[in-house]
Amino acid sequence: MSDLRTTVGSMRLHVGCAMWTHAGPWQPLQPNPRERLRSYAEWCTAVEGNTTFYATPARHTVESWAQQTAPDFRFVVKLPKTITHERRMSGAETQLREFLDAIEPLGPRAHALWVQLPPSFAPTDLGALAGFLRELPAHYRSAVEVRHHAFFDDDESARRLEYVLSRVGAEWIPFDTTTLFAAAPSSAGEHEAWGKKPRVPRRTDALTEYPIVRYHGRDDIDATVAGWQPWLETVTAWLHEGRSPTVFIHTPDNAESLMLARRFYGEVRAGLPQLDALPEPAPTAPMTLF
């Protein structure tokens with residue numbers, strides 16, 4: 001596979017989507033499920049590991065993920081909900097050990113362990129998070145996503161969370177849904193997203209060398225692109241500072257997400273030509289009836 005590295009000095013920008021199984025008019029879905037990640041990795045350089053939230057994958061499945069991607073491809077793998085939501089990071093040693101054993105074949109591709117916490121996880125629960133993060137293996141980066149409004153509305157709560165994260169070199173993942181909620185939903189997909197996605201203010205501070213951004217747009221491509229303009233400035237500044245960010249692009253149906261992720265990268269590169277161009281995907285043969 002082609003080298004997917006993109007550099008500013010020794011730093012890189014990676015872009016990706018929520019999953020690798022979506023297709024669009026620009027890319028028919030790879031008919032072989034075991035080759036879909038390989039096809040996706042020709043378009044993007046990172047992916048959110050959302051499926052691991054619902055179940056720990058078999059080790060041989062993860063081995064196939066590694067075989068389909070370059071060593072510098074980035075997986076941001078979400079911890080299973082049994083750990084973060086059901087056990088709330090307490091008494092989950094067995095589940096964590098099984099999960100870490102399963103993802104071990106990713107090697108350097110495991111860019112970060114993603115600790116997504118439920119909306120009920122409040123500032124009063126930070127002790128449990130601090131203890132849990134200290135127990136994670138030091139060779140993994142960790143990144144935390146919170147959804148309780150106190151972390152966004154109360155400066156002291158935000159400072160306490162940043163302190164807990166900084167003690168272990170963990171990142172705070174923002175999920176920017178401001179564009180999604182900027183206007184009333186105009187489609188079934190947007191209605192569904194309104195009911196599921198967190199409505200919190202945009203946060204653009206980075207704590208580490210490796211910030212991770214989740215950006216959620218709308219069905220309308222122009223609105224999605226207009227909404228990410230503040231991130232162009234932020235990501236460019238991070239790259240100038242020597243950071244290596246990862247940016248994930250979402251829309252309600254994600255049908256155009258691969259194209260949009262590449263477009264975001266291209267807009268950053270337009271103002272920062274030191275970035276290498278993303279590789280061009282292999283041409284897709286036209287689909288036939290026979």
# chains A, B, ... in the order shown; residues from 1 in each chain; ligands from 1
>>> residues_around(residues="A:Trp238", least_positions_apart="3", cutoff="12 Å", atoms="only C-alpha atoms", output="ChimeraX atom specification")
/A:8,11-13,204-213,231-235,241-247,268,272
>>> residues_around(residues="A:Tyr40", least_positions_apart="5", cutoff="9 Å", atoms="only C-alpha atoms", output="list in words")
Met19, Trp20, Thr21, His22, Glu35, Thr45, Leu258 and Pro281 of chain A
>>> write_last_selection(atoms="C-alpha atoms", output="short mmCIF file (atom, residue, chain, number, x, y, z; two decimals), in the first residue's frame")
data_model
loop_
_atom_site.label_atom_id
_atom_site.label_comp_id
_atom_site.auth_asym_id
_atom_site.auth_seq_id
_atom_site.Cartn_x
_atom_site.Cartn_y
_atom_site.Cartn_z
CA MET A 19 -16.45 3.91 9.89
CA TRP A 20 -15.09 2.34 6.74
CA THR A 21 -18.24 0.62 5.42
CA HIS A 22 -20.01 3.65 3.96
CA GLU A 35 -11.38 -5.75 1.68
CA THR A 45 -5.58 8.00 6.83
CA LEU A 258 -14.94 10.22 2.70
CA PRO A 281 -7.40 6.31 -4.69
#
>>> atom_distance(atom1="atom CA of A:Asp154", atom2="atom CA of A:Phe53")
28.4 Å
>>> select_by_dssp(residues="stretch 85-205 of chain A", states="alpha helix (DSSP H)", output="ChimeraX atom specification")
/A:93-103,126-135,150-153,155-167,188-196
>>> closest_residue(among="A:Gly217, A:Pro80, A:Pro198, A:Pro71", to="A:Pro108", atoms="only C-alpha atoms")
A:Pro71
>>> residues_around(residues="A:Ala128", least_positions_apart="4", cutoff="10 Å", atoms="only C-alpha atoms", output="PDB file with N, CA and C atoms, in the first residue's frame")
ATOM      1  N   ARG A  88     -18.771   1.764  34.447  1.00  0.00           N
ATOM      2  CA  ARG A  88     -18.291   3.121  34.729  1.00  0.00           C
ATOM      3  C   ARG A  88     -16.853   3.112  35.249  1.00  0.00           C
ATOM      4  N   MET A  89     -16.049   2.263  34.579  1.00  0.00           N
ATOM      5  CA  MET A  89     -14.599   2.179  34.805  1.00  0.00           C
ATOM      6  C   MET A  89     -14.226   1.598  36.162  1.00  0.00           C
ATOM      7  N   SER A  90     -15.150   0.909  36.800  1.00  0.00           N
ATOM      8  CA  SER A  90     -14.885   0.300  38.095  1.00  0.00           C
ATOM      9  C   SER A  90     -15.127  -1.206  38.013  1.00  0.00           C
ATOM     10  N   PHE A 121     -21.917  11.124  33.248  1.00  0.00           N
ATOM     11  CA  PHE A 121     -20.605  11.207  33.887  1.00  0.00           C
ATOM     12  C   PHE A 121     -20.324  12.679  34.192  1.00  0.00           C
ATOM     13  N   THR A 124     -18.244  15.209  39.526  1.00  0.00           N
ATOM     14  CA  THR A 124     -18.081  14.456  40.771  1.00  0.00           C
ATOM     15  C   THR A 124     -17.537  13.052  40.526  1.00  0.00           C
ATOM     16  N   PHE A 132      -8.798   5.199  36.626  1.00  0.00           N
ATOM     17  CA  PHE A 132      -8.825   4.321  35.456  1.00  0.00           C
ATOM     18  C   PHE A 132      -7.710   4.671  34.480  1.00  0.00           C
ATOM     19  N   LEU A 133      -7.527   5.942  34.196  1.00  0.00           N
ATOM     20  CA  LEU A 133      -6.495   6.342  33.241  1.00  0.00           C
ATOM     21  C   LEU A 133      -5.105   5.956  33.726  1.00  0.00           C
TER      22      LEU A 133
END
>>> closest_residue(among="A:Ala66, A:Leu106, A:Ala237, A:Ala55", to="A:Arg34", atoms="only C-alpha atoms")
A:Ala66
>>> residues_around(residues="A:Ala102", least_positions_apart="5", cutoff="7 Å", atoms="only C-alpha atoms", output="list in words")
Pro57, Ala58, Arg59 and Val62 of chain A
>>> closest_residue(among="A:Thr52, A:Thr179, A:Gln274, A:Thr251", to="A:Pro230", atoms="only C-alpha atoms")
A:Thr179
>>> residues_around(residues="stretch 187-191 of chain A", least_positions_apart="6", cutoff="9 Å", atoms="only C-alpha atoms", output="list of chain:residue names")
A:Leu180, A:Arg218, A:Asp219, A:Thr251, A:Pro252, A:Asp253
>>> atom_distance(atom1="atom CA of A:Thr177", atom2="atom CA of A:Arg263")
18.7 Å
>>> closest_residue(among="A:Ser142, A:Gln67, A:Gln116, A:Thr56", to="A:Asp101", atoms="only C-alpha atoms")
A:Thr56
>>> closest_residue(among="A:Thr51, A:Asn254, A:Ser157, A:Ser39", to="A:Leu79", atoms="only C-alpha atoms")
A:Thr51
>>> closest_residue(among="A:Val200, A:Ile103, A:Ala282, A:Val168", to="A:His216", atoms="only C-alpha atoms")
A:Val200
>>> select_by_dssp(residues="stretch 62-135 of chain A", states="strand (DSSP E or B)", output="JSON, numbers by chain")
{"A": [74, 75, 76, 77, 78, 110, 111, 112, 113, 114, 115, 116]}
>>> write_last_selection(atoms="N, CA and C atoms", output="short mmCIF file (atom, residue, chain, number, x, y, z; two decimals), in the first residue's frame")
data_model
loop_
_atom_site.label_atom_id
_atom_site.label_comp_id
_atom_site.auth_asym_id
_atom_site.auth_seq_id
_atom_site.Cartn_x
_atom_site.Cartn_y
_atom_site.Cartn_z
N ARG A 74 -4.15 5.49 11.31
CA ARG A 74 -4.55 5.72 12.70
C ARG A 74 -5.95 5.15 13.01
N PHE A 75 -6.00 4.25 13.96
CA PHE A 75 -7.25 3.80 14.55
C PHE A 75 -7.42 4.50 15.91
N VAL A 76 -8.54 5.18 16.09
CA VAL A 76 -8.89 5.71 17.41
C VAL A 76 -9.98 4.77 17.92
N VAL A 77 -9.59 3.83 18.77
CA VAL A 77 -10.47 2.71 19.12
C VAL A 77 -11.23 3.01 20.41
N LYS A 78 -12.54 2.91 20.30
CA LYS A 78 -13.40 3.23 21.44
C LYS A 78 -13.48 2.04 22.40
N ALA A 110 -2.81 1.64 16.48
CA ALA A 110 -3.70 2.01 17.58
C ALA A 110 -3.26 3.37 18.09
N HIS A 111 -3.77 4.41 17.46
CA HIS A 111 -3.31 5.77 17.74
C HIS A 111 -3.71 6.22 19.13
N ALA A 112 -4.92 5.87 19.56
CA ALA A 112 -5.38 6.28 20.89
C ALA A 112 -6.50 5.37 21.35
N LEU A 113 -6.56 5.15 22.67
CA LEU A 113 -7.71 4.50 23.29
C LEU A 113 -8.73 5.59 23.59
N TRP A 114 -9.90 5.43 23.04
CA TRP A 114 -10.94 6.46 23.11
C TRP A 114 -11.91 6.10 24.24
N VAL A 115 -11.91 6.92 25.27
CA VAL A 115 -12.77 6.72 26.43
C VAL A 115 -13.95 7.68 26.29
N GLN A 116 -15.03 7.20 25.67
CA GLN A 116 -16.22 8.03 25.53
C GLN A 116 -17.12 7.80 26.73
#
>>> residues_around(residues="A:Pro119", least_positions_apart="2", cutoff="12 Å", atoms="only C-alpha atoms", output="list of chain:residue names")
A:Thr84, A:His85, A:Arg88, A:Gln116, A:Leu117, A:Phe121, A:Ala122, A:Pro123, A:Asp125, A:Glu145, A:Val146, A:Arg147, A:His148, A:His149, A:Ala150, A:Phe151, A:Lys196, A:Lys197, A:Pro198, A:Arg199, A:Val200
>>> atom_distance(atom1="atom CA of A:Phe73", atom2="atom CA of A:Ile221")
26.2 Å
